[in-house]
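Working notes, beginning with the structure itself.
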Amino acid sequence: KDFFKNTHIHYNEPQTVEIKTVETKVKIENNGKNNNLNIQYRLHSDDINAIGFFSGNSNFTILKGSKIRSSVSPNFNTNPQLQSQRKLRNELIRTGKISNNVFTTNYEFSSPSQAATIILGRAANGNKEFNIK
């Protein structure tokens, strides 16, 4: 029912149907209360597996045990816009918060995009990279 509620059908030619869905985004406000939503998000590929959740004030926490990509893209090391992310990734490794490509503790990032960039070793949009677990 919800799928068809957000679907528009356009007839281009006889016997040809184009279906476009409308992307729906839901924002959940916590307002500082623990409402036990506990929605977890996962970023997964062959060499990574990271789990995170929104932890208030738009911060995004990656859980201990989450695995990051061992290598970074060439652009990650040269792009001036990624300098702060590069420094943070190196600092997390230097201080042992990431060891052997695995988070040794929960770590709170300022956004899902910052978390995804650190995990993937490249520029990333966390809202597109993370999926509900």
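As shown in the structure tokens, the chain order sets the letters A, B, ...; within each chain, residues go from 1, and ligands are also counted from 1 in the order they appear.
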Next on the checklist: So that I can see what lies close to Lys97 of chain A, please list as a PyMOL selection string the residues with an atom at most 10 Å from it, counting only C-alpha atoms and leaving out residues fewer than 6 positions away in the same chain.
Outcome noted: chain A and resi 64+89+91+103-107
Checklist entry - Could you pull the residues within 9 Å of segment 47-49 of chain A, counting only C-alpha atoms, minus those fewer than 6 positions along the same chain, as a PyMOL selection string? => result chain A and resi 65-70+101+119-120
Item to check | Contacts of segment 74-77 of chain A within 9 Å, only C-alpha atoms, excl. fewer than 2 positions in-chain, as a PyMOL selection string | outcome: chain A and resi 72+79-83+85-86+117+121-123
Checklist outcome for this item: The distance between atom CA of Ile98 of chain A and atom CA of Ile118 of chain A is 10.6 Å
Next on the checklist: Can you tell me, as a PyMOL selection string, which residues in segment 60-95 of chain A count as strand (DSSP E or B) by DSSP?
Outcome noted: chain A and resi 60-62+67
Next on the checklist: When you look at Tyr41 of chain A with a cut-off of 7 Å (counting only C-alpha atoms), what residues show up, excluding the ones that are within fewer than 3 positions of it in the same chain? I need them as a PyMOL selection string.
Outcome noted: chain A and resi 51-53+130-133
